[in-house]
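K.L.:
Mind looking over this structure? Questions follow.
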Amino acid sequence: MTEKILSEKNRVVRHNAIELIEHWAIALSGLVLLLTGIFELPVAKRYYIVTVPGLGWSADFITSLSLHYAAALVFTVAGIFHLVYHGLRGETGLLPKKGDLSASVTVVKSLFGFGQEPPMHKYLPEQRLAYAGMAWIILLLVVSGLIKTYKNLYAPDLSLAVVLAATWIHNISFVLFFLAFLAHMAAILLRPNWPMVRGIFTGKVRLDYARHRHALWIADLEKNKKVVDP
Amino acid sequence: MQISAGAALLTGVHLPKTARAESGGSLSTLIDLSLCDGCADRKIPACVQACRNINRDKIPPVVDNIPEPWPRKTIEDWSKKRDVFHRLTPYNYIYVHRADVVVNGHSRTVFVPRRCMHCDNPACATICPFSANHKNTNGAVVINPNQCFGGAKCRDVCPWEIPQRQSGVGIYLHVLPGLMGNGVMYKCDLCNDRLVQGKQPGCIEACPRGAMLIGPKKEMEAEAQARAGKINGHIYGQKENGGTATLYVSPVPFEQLNQTMVRKPGQPDMKPGVPRRMAATDPLGKAVLASPVVGLALAGAAGWYSRRRKNNRRQEEDRD
């Protein structure tokens, strides 16, 4: 399923199955990583999380580590797959473009009733900037996490400088990942973004919404005859 | 006889230059329980006293009003109980357990010095969230008191719950003392500073019966095997928790010694064959290390498949 306009159904295909799987693999494993990462800190007993029904395991660091590893496996495979697969296909629509910063300011202002949104492509300028930020955070998390895993398995006496660097990069990017996740959720709360939520579950968004907000994208699709007429 | 044998071995096993802290070469210690008499003639065993002397000023002054942690209000303050030497505390990193056992119908007393085992793959160090605890290449597992927040995770994951917390000291006081951290964890560091200087750990140097040795790991393992063989004895620490840098040699089975040890805070038991719990996570950890390759392979395969589909479609369109 590639991008196309389904006029009869008033829908546009925004994401294909591979993109949806990538997104949800990273999102769900990322949430498990956040949670089990928090439980790798000595907080579950102190904050009585361990008494919450269903979270009795949260104070067991070894169980948390197993879950953390399992989620890291999915997270890393999905992240590397995303980078390489779309890189090979030359799909760069999510990478920041020149002028995205000032365009983002215009869009964000318009979300709060100040001024008009400019016509936009498939992705909003602030989405492209957020994507780049998240990609860097994920890269730091994955690389530092791999070093920490290697140390746990094979080299407990790895150089202290390397261990400290990996630890602090992992801890700081964990905080950044959590903040980025909150920002991502906050974006969903904004009414103009609501129609896009359907897209990340079904792959499709409303055509009338897309014509209004993603005029440049729809124009491209029509130009390239990506239209399924009734 | 035993003393001279121990003394001869002590002088025979020099601390080699390679044993110095960071210059490579993993060390191991050997504690020969057939030689240790618990320093019955002293109020405090010599090893314990030497350790206390060396580490007397290790803990900085504790703040007058230790911040109350929230919401669980556990404070562990040993600053007014510094004299305690019959268990592990933040001020006492080694103690001697007395085990009264009956072997082949004869009563016998065995003295067991207890301290950090300096494990080969210590979970206390590898999963410290701030890497405040680290295993050095010489085998010493050392907590940096300037980086430790005193969350006691190291104690939770240690099969012997060795590290001990002193609240009211450390970096947490300068961050969010009520919400995060609770002091600093302390334990034996194998006198790493002395190892750096080419000296022996204080407990080993002070033992009047030469019951403790330190040397290259392989040599100590061979020595432990030889000694155990001679007395038809038993070894503890070689397999426990995945292997450690502390080898006990005992004429009495460790199952029997363990029965004399009631596990309490600061007084670990000595269960033979205690497993390395983190080993259960190793297969998943290996899968994580392989995951970039899996991601690459999947991307390559999916890319090839989509290109093939695209080419087929184009050929069909050309035919039409």
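Labels used: A, B, ... for chains in the order of the structure tokens, numbers from 1 for residues in each chain, and numbers from 1 for ligands as shown.
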With a cut-off of 6 Å and counting only C-alpha atoms, select all residues of chain B in contact with chain A and give the selection as JSON, numbers by chain.

P.N.:
{"B": [72, 121, 126, 135, 136, 137, 151, 153, 281, 284, 285, 288, 291, 292, 295, 296, 299, 303]}

K.L.:
Save the residues we just selected, N, CA and C atoms, as a PDB file, in the first residue's frame?

P.N.:
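The result, written out as result_27.pdb:
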ATOM      1  N   ARG B  72       9.221   6.512  51.501  1.00  0.00           N
ATOM      2  CA  ARG B  72       9.691   5.513  52.484  1.00  0.00           C
ATOM      3  C   ARG B  72      10.782   6.160  53.309  1.00  0.00           C
ATOM      4  N   ASN B 121      32.029 -11.249  37.635  1.00  0.00           N
ATOM      5  CA  ASN B 121      31.086 -10.400  36.894  1.00  0.00           C
ATOM      6  C   ASN B 121      30.050  -9.871  37.898  1.00  0.00           C
ATOM      7  N   THR B 126      28.006  -3.807  37.521  1.00  0.00           N
ATOM      8  CA  THR B 126      27.590  -3.675  36.122  1.00  0.00           C
ATOM      9  C   THR B 126      26.237  -2.983  35.984  1.00  0.00           C
ATOM     10  N   LYS B 135      34.269  -2.554  38.433  1.00  0.00           N
ATOM     11  CA  LYS B 135      35.266  -3.616  38.607  1.00  0.00           C
ATOM     12  C   LYS B 135      36.542  -3.208  37.863  1.00  0.00           C
ATOM     13  N   ASN B 136      37.637  -3.145  38.577  1.00  0.00           N
ATOM     14  CA  ASN B 136      38.904  -2.781  37.953  1.00  0.00           C
ATOM     15  C   ASN B 136      39.548  -4.003  37.305  1.00  0.00           C
ATOM     16  N   THR B 137      40.519  -3.738  36.429  1.00  0.00           N
ATOM     17  CA  THR B 137      41.153  -4.865  35.735  1.00  0.00           C
ATOM     18  C   THR B 137      41.939  -5.757  36.699  1.00  0.00           C
ATOM     19  N   GLY B 151      21.401   4.384  46.695  1.00  0.00           N
ATOM     20  CA  GLY B 151      20.090   3.770  46.446  1.00  0.00           C
ATOM     21  C   GLY B 151      20.025   2.320  46.883  1.00  0.00           C
ATOM     22  N   LYS B 153      20.904  -0.353  45.385  1.00  0.00           N
ATOM     23  CA  LYS B 153      20.640  -1.361  44.362  1.00  0.00           C
ATOM     24  C   LYS B 153      21.738  -2.439  44.392  1.00  0.00           C
ATOM     25  N   THR B 281      19.763 -13.262  32.260  1.00  0.00           N
ATOM     26  CA  THR B 281      19.515 -12.209  31.258  1.00  0.00           C
ATOM     27  C   THR B 281      20.524 -12.293  30.101  1.00  0.00           C
ATOM     28  N   LEU B 284      19.244 -12.943  26.351  1.00  0.00           N
ATOM     29  CA  LEU B 284      18.597 -11.765  25.768  1.00  0.00           C
ATOM     30  C   LEU B 284      19.608 -10.662  25.489  1.00  0.00           C
ATOM     31  N   GLY B 285      20.587 -10.529  26.383  1.00  0.00           N
ATOM     32  CA  GLY B 285      21.645  -9.529  26.172  1.00  0.00           C
ATOM     33  C   GLY B 285      22.409  -9.801  24.885  1.00  0.00           C
ATOM     34  N   VAL B 288      20.404  -8.748  22.016  1.00  0.00           N
ATOM     35  CA  VAL B 288      20.462  -7.284  21.848  1.00  0.00           C
ATOM     36  C   VAL B 288      21.724  -6.899  21.076  1.00  0.00           C
ATOM     37  N   SER B 291      21.236  -7.431  17.545  1.00  0.00           N
ATOM     38  CA  SER B 291      20.079  -6.779  16.927  1.00  0.00           C
ATOM     39  C   SER B 291      20.424  -5.798  15.785  1.00  0.00           C
ATOM     40  N   PRO B 292      21.545  -5.050  15.835  1.00  0.00           N
ATOM     41  CA  PRO B 292      21.842  -4.194  14.679  1.00  0.00           C
ATOM     42  C   PRO B 292      22.005  -4.995  13.392  1.00  0.00           C
ATOM     43  N   GLY B 295      18.586  -6.048  12.209  1.00  0.00           N
ATOM     44  CA  GLY B 295      17.919  -4.898  11.582  1.00  0.00           C
ATOM     45  C   GLY B 295      18.439  -4.652  10.173  1.00  0.00           C
ATOM     46  N   LEU B 296      19.769  -4.723  10.038  1.00  0.00           N
ATOM     47  CA  LEU B 296      20.389  -4.532   8.714  1.00  0.00           C
ATOM     48  C   LEU B 296      19.927  -5.597   7.733  1.00  0.00           C
ATOM     49  N   ALA B 299      16.315  -5.061   6.729  1.00  0.00           N
ATOM     50  CA  ALA B 299      16.186  -3.904   5.833  1.00  0.00           C
ATOM     51  C   ALA B 299      16.665  -4.263   4.431  1.00  0.00           C
ATOM     52  N   GLY B 303      14.258  -4.298   1.333  1.00  0.00           N
ATOM     53  CA  GLY B 303      14.622  -3.413   0.226  1.00  0.00           C
ATOM     54  C   GLY B 303      14.687  -4.184  -1.085  1.00  0.00           C
TER      55      GLY B 303
END

K.L.:
Please list as a PyMOL selection string every residue within 10 Å of stretch 37-45 of chain B, counting only C-alpha atoms and excluding residues in the same chain fewer than 6 positions away.

P.N.:
chain B and resi 85-86+94-98+109-113+203+206-209+211

K.L.:
Could you find all residues in stretch 2-183 of chain B that DSSP calls helix (DSSP H, G or I) from the backbone, and write them as a ChimeraX atom specification?

P.N.:
/B:2-12,17-19,46-54,123-126,153-157,171-174

K.L.:
Could you write out the selected residues, including C-alpha atoms, as a PDB file, in the first residue's frame?

P.N.:
ATOM      1  CA  GLN B   2      50.134 -24.615  60.112  1.00  0.00           C
ATOM      2  CA  ILE B   3      51.513 -21.169  60.873  1.00  0.00           C
ATOM      3  CA  SER B   4      54.851 -21.893  59.302  1.00  0.00           C
ATOM      4  CA  ALA B   5      53.220 -23.418  56.253  1.00  0.00           C
ATOM      5  CA  GLY B   6      51.025 -20.357  55.859  1.00  0.00           C
ATOM      6  CA  ALA B   7      53.906 -17.972  56.435  1.00  0.00           C
ATOM      7  CA  ALA B   8      56.071 -19.790  53.915  1.00  0.00           C
ATOM      8  CA  LEU B   9      53.367 -19.545  51.308  1.00  0.00           C
ATOM      9  CA  LEU B  10      52.730 -15.916  52.110  1.00  0.00           C
ATOM     10  CA  THR B  11      56.348 -15.113  51.486  1.00  0.00           C
ATOM     11  CA  GLY B  12      56.332 -17.415  48.487  1.00  0.00           C
ATOM     12  CA  LYS B  17      54.220  -5.954  39.715  1.00  0.00           C
ATOM     13  CA  THR B  18      51.424  -6.940  37.354  1.00  0.00           C
ATOM     14  CA  ALA B  19      49.157  -7.173  40.355  1.00  0.00           C
ATOM     15  CA  ALA B  46      43.822  -8.478  63.369  1.00  0.00           C
ATOM     16  CA  CYS B  47      42.327  -8.385  59.863  1.00  0.00           C
ATOM     17  CA  VAL B  48      39.276  -6.485  61.101  1.00  0.00           C
ATOM     18  CA  GLN B  49      41.379  -4.034  63.088  1.00  0.00           C
ATOM     19  CA  ALA B  50      43.739  -3.378  60.175  1.00  0.00           C
ATOM     20  CA  CYS B  51      40.806  -2.740  57.863  1.00  0.00           C
ATOM     21  CA  ARG B  52      39.229  -0.367  60.371  1.00  0.00           C
ATOM     22  CA  ASN B  53      42.489   1.520  60.795  1.00  0.00           C
ATOM     23  CA  ILE B  54      42.958   1.954  57.065  1.00  0.00           C
ATOM     24  CA  ALA B 123      26.010  -7.274  39.219  1.00  0.00           C
ATOM     25  CA  CYS B 124      26.539  -4.665  41.954  1.00  0.00           C
ATOM     26  CA  ALA B 125      28.922  -2.877  39.589  1.00  0.00           C
ATOM     27  CA  THR B 126      27.590  -3.675  36.122  1.00  0.00           C
ATOM     28  CA  LYS B 153      20.640  -1.361  44.362  1.00  0.00           C
ATOM     29  CA  CYS B 154      24.098  -2.936  44.681  1.00  0.00           C
ATOM     30  CA  ARG B 155      23.075  -4.498  48.000  1.00  0.00           C
ATOM     31  CA  ASP B 156      19.827  -5.812  46.492  1.00  0.00           C
ATOM     32  CA  VAL B 157      21.569  -7.583  43.602  1.00  0.00           C
ATOM     33  CA  ILE B 171      26.348  13.733  46.463  1.00  0.00           C
ATOM     34  CA  TYR B 172      22.607  13.161  46.988  1.00  0.00           C
ATOM     35  CA  LEU B 173      22.662  15.882  49.665  1.00  0.00           C
ATOM     36  CA  HIS B 174      23.361  18.400  46.892  1.00  0.00           C
TER      37      HIS B 174
END

K.L.:
Provide the atom CA of B:Val293 to atom CA of A:His184 distance in Å, to one decimal place.

P.N.:
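These two atoms are separated by 29.0 Å.
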
K.L.:
Could you tell me how far atom CA of A:Phe112 sits from atom CA of A:Arg191, in Å to one decimal place?

P.N.:
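Atom CA of A:Arg191 sits 10.1 Å away from atom CA of A:Phe112.
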
K.L.:
Can you pull out the residues contacting stretch 239-244 of chain B? Cut-off 9 Å, using only C-alpha atoms, and skip same-chain residues under 4 positions away; I want them as a ChimeraX atom specification.

P.N.:
/B:28,117-122,139,158-159,271-277,279

K.L.:
Could you list, as a short mmCIF file (atom, residue, chain, number, x, y, z; two decimals) with N, CA and C atoms, in the first residue's frame, every residue within 12 Å of stretch 210-225 of chain A, counting only C-alpha atoms and ignoring same-chain residues fewer than 4 positions away?

P.N.:
data_model
loop_
_atom_site.label_atom_id
_atom_site.label_comp_id
_atom_site.auth_asym_id
_atom_site.auth_seq_id
_atom_site.Cartn_x
_atom_site.Cartn_y
_atom_site.Cartn_z
N THR A 2 0.87 2.01 -1.09
CA THR A 2 1.68 3.23 -1.13
C THR A 2 0.76 4.44 -1.07
N GLU A 3 1.38 5.60 -1.00
CA GLU A 3 0.58 6.83 -0.89
C GLU A 3 -0.36 6.97 -2.09
N LYS A 4 -1.66 7.17 -1.83
CA LYS A 4 -2.58 7.41 -2.93
C LYS A 4 -3.87 8.01 -2.39
N ILE A 5 -4.58 8.68 -3.27
CA ILE A 5 -5.85 9.30 -2.89
C ILE A 5 -6.98 8.34 -3.20
N LEU A 6 -7.83 8.10 -2.19
CA LEU A 6 -9.02 7.25 -2.39
C LEU A 6 -10.23 8.18 -2.36
N SER A 7 -10.53 8.78 -3.51
CA SER A 7 -11.54 9.84 -3.57
C SER A 7 -12.89 9.38 -3.05
N ASN A 10 -13.06 9.30 0.57
CA ASN A 10 -12.58 10.53 1.21
C ASN A 10 -11.38 10.25 2.12
N ARG A 11 -10.44 9.44 1.60
CA ARG A 11 -9.25 9.11 2.37
C ARG A 11 -7.99 9.27 1.51
N VAL A 12 -6.86 9.47 2.20
CA VAL A 12 -5.56 9.43 1.54
C VAL A 12 -4.70 8.44 2.31
N VAL A 13 -4.03 7.58 1.58
CA VAL A 13 -3.11 6.65 2.26
C VAL A 13 -1.84 7.43 2.60
N ARG A 14 -1.58 7.53 3.90
CA ARG A 14 -0.45 8.35 4.37
C ARG A 14 0.75 7.48 4.75
N GLY A 93 11.51 12.32 3.11
CA GLY A 93 10.45 13.29 3.41
C GLY A 93 10.43 13.76 4.85
N VAL A 107 3.72 27.79 12.00
CA VAL A 107 2.70 26.76 12.21
C VAL A 107 2.25 26.74 13.67
N SER A 110 0.07 29.56 14.47
CA SER A 110 -1.28 29.40 13.89
C SER A 110 -2.13 28.42 14.72
N LEU A 111 -1.45 27.44 15.35
CA LEU A 111 -2.19 26.48 16.18
C LEU A 111 -2.87 27.19 17.36
N GLN A 116 -2.02 32.52 9.73
CA GLN A 116 -2.47 31.39 8.91
C GLN A 116 -1.34 30.39 8.72
N GLU A 117 -1.70 29.09 8.65
CA GLU A 117 -0.70 28.07 8.34
C GLU A 117 -0.32 28.19 6.87
N PRO A 118 0.97 28.03 6.55
CA PRO A 118 1.34 27.98 5.14
C PRO A 118 0.88 26.63 4.56
N PRO A 119 0.74 26.50 3.23
CA PRO A 119 0.43 25.19 2.66
C PRO A 119 1.58 24.23 2.94
N MET A 120 1.22 22.97 3.29
CA MET A 120 2.29 22.08 3.75
C MET A 120 2.35 20.78 2.96
N HIS A 121 3.51 20.13 3.06
CA HIS A 121 3.70 18.82 2.43
C HIS A 121 3.09 17.74 3.31
N LYS A 122 3.50 16.50 3.08
CA LYS A 122 2.97 15.38 3.86
C LYS A 122 3.31 15.56 5.34
N TYR A 123 4.52 16.00 5.60
CA TYR A 123 4.93 16.21 6.99
C TYR A 123 5.05 17.70 7.27
N LEU A 124 4.66 18.09 8.48
CA LEU A 124 4.76 19.48 8.89
C LEU A 124 6.22 19.81 9.20
N PRO A 125 6.59 21.08 9.08
CA PRO A 125 8.01 21.40 9.34
C PRO A 125 8.44 21.02 10.75
N PRO A 192 -6.01 20.77 15.81
CA PRO A 192 -5.71 20.66 14.37
C PRO A 192 -4.98 19.38 14.00
N ASN A 193 -4.30 18.77 14.99
CA ASN A 193 -3.54 17.54 14.69
C ASN A 193 -4.38 16.28 14.82
N TRP A 194 -5.58 16.39 15.34
CA TRP A 194 -6.39 15.19 15.59
C TRP A 194 -6.57 14.30 14.36
N PRO A 195 -6.85 14.89 13.18
CA PRO A 195 -7.07 14.00 12.02
C PRO A 195 -5.87 13.12 11.69
N MET A 196 -4.68 13.55 12.12
CA MET A 196 -3.49 12.74 11.80
C MET A 196 -3.39 11.49 12.68
N GLY A 199 -4.33 8.36 11.10
CA GLY A 199 -3.33 7.89 10.14
C GLY A 199 -2.33 6.92 10.74
N LYS A 204 -4.40 5.75 6.99
CA LYS A 204 -5.13 6.68 6.12
C LYS A 204 -5.61 7.90 6.92
N VAL A 205 -5.67 9.06 6.23
CA VAL A 205 -6.26 10.26 6.84
C VAL A 205 -7.38 10.76 5.92
N ARG A 206 -8.22 11.66 6.44
CA ARG A 206 -9.33 12.19 5.64
C ARG A 206 -8.80 13.05 4.50
N ASP A 229 -9.90 6.84 -8.57
CA ASP A 229 -11.23 7.45 -8.73
C ASP A 229 -12.32 6.39 -8.62
#

K.L.:
How many Å separate atom CA of B:Ser167 from atom CA of B:Asn55?

P.N.:
17.4 Å

K.L.:
Just want the 9 Å neighbourhood of A:Ile137, counted on only C-alpha atoms, with same-chain residues fewer than 5 positions away dropped. Output as a list of chain:residue names.

P.N.:
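The residues satisfying every condition are A:Ala132, A:Val142, A:Ser173, A:Phe174, A:Leu176, A:Phe177, A:Ala180.
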
K.L.:
Give me a file of those residues, with N, CA and C atoms, as a PDB file, in the first residue's frame.

P.N.:
ATOM      1  N   ALA A 132      14.083  14.569  13.489  1.00  0.00           N
ATOM      2  CA  ALA A 132      15.554  14.603  13.544  1.00  0.00           C
ATOM      3  C   ALA A 132      16.025  14.547  15.001  1.00  0.00           C
ATOM      4  N   VAL A 142      20.682   3.843  21.645  1.00  0.00           N
ATOM      5  CA  VAL A 142      21.043   2.517  21.124  1.00  0.00           C
ATOM      6  C   VAL A 142      22.548   2.274  21.271  1.00  0.00           C
ATOM      7  N   SER A 173      20.119  10.742  27.608  1.00  0.00           N
ATOM      8  CA  SER A 173      19.225  10.558  26.457  1.00  0.00           C
ATOM      9  C   SER A 173      17.918   9.877  26.869  1.00  0.00           C
ATOM     10  N   PHE A 174      17.947   9.132  27.972  1.00  0.00           N
ATOM     11  CA  PHE A 174      16.698   8.585  28.534  1.00  0.00           C
ATOM     12  C   PHE A 174      15.762   9.737  28.930  1.00  0.00           C
ATOM     13  N   LEU A 176      15.867  12.811  27.777  1.00  0.00           N
ATOM     14  CA  LEU A 176      15.457  13.498  26.543  1.00  0.00           C
ATOM     15  C   LEU A 176      14.371  12.704  25.808  1.00  0.00           C
ATOM     16  N   PHE A 177      14.515  11.385  25.802  1.00  0.00           N
ATOM     17  CA  PHE A 177      13.522  10.524  25.137  1.00  0.00           C
ATOM     18  C   PHE A 177      12.160  10.672  25.818  1.00  0.00           C
ATOM     19  N   ALA A 180      10.774  14.003  24.873  1.00  0.00           N
ATOM     20  CA  ALA A 180      10.319  13.964  23.479  1.00  0.00           C
ATOM     21  C   ALA A 180       8.995  13.205  23.372  1.00  0.00           C
TER      22      ALA A 180
END

K.L.:
For B:Val252, list every protein, DNA or RNA residue within 10 Å, evaluated using only C-alpha atoms, and leave out those in the same chain fewer than 3 positions away; present the list as a list in words.

P.N.:
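Close residues of B:Val252: Leu33, Ser34, Val101, Val102, Val103, Arg108, Thr109, Val110, Ile231, Asn232, Gly233, His234, Ile235, Val249, Glu255, Gln256 and Leu257 of chain B.
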
K.L.:
Which is closest to B:Ile75 among B:Leu289, B:Leu298, B:Val169, B:Val262, if we use only C-alpha atoms?

P.N.:
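Smallest separation from B:Ile75 among the options: B:Val169.
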
K.L.:
At a cut-off of 7 Å, using only C-alpha atoms, what residues contact B:Pro67? Leave out same-chain residues fewer than 5 positions from it and give the result as an MDAnalysis selection string.

P.N.:
chainID B and resid 168 177:178

K.L.:
Atoms to include: N, CA and C atoms. Write the selected residues as a PDB file, in the first residue's frame.

P.N.:
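For reference, part.pdb as written:
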ATOM      1  N   GLY B 168      23.076  10.447  54.956  1.00  0.00           N
ATOM      2  CA  GLY B 168      23.556  11.746  55.441  1.00  0.00           C
ATOM      3  C   GLY B 168      24.930  12.143  54.945  1.00  0.00           C
ATOM      4  N   PRO B 177      17.746  15.637  48.050  1.00  0.00           N
ATOM      5  CA  PRO B 177      17.944  14.669  49.137  1.00  0.00           C
ATOM      6  C   PRO B 177      16.670  14.006  49.640  1.00  0.00           C
ATOM      7  N   GLY B 178      15.535  14.705  49.552  1.00  0.00           N
ATOM      8  CA  GLY B 178      14.297  14.093  50.037  1.00  0.00           C
ATOM      9  C   GLY B 178      13.698  13.105  49.059  1.00  0.00           C
TER      10      GLY B 178
END
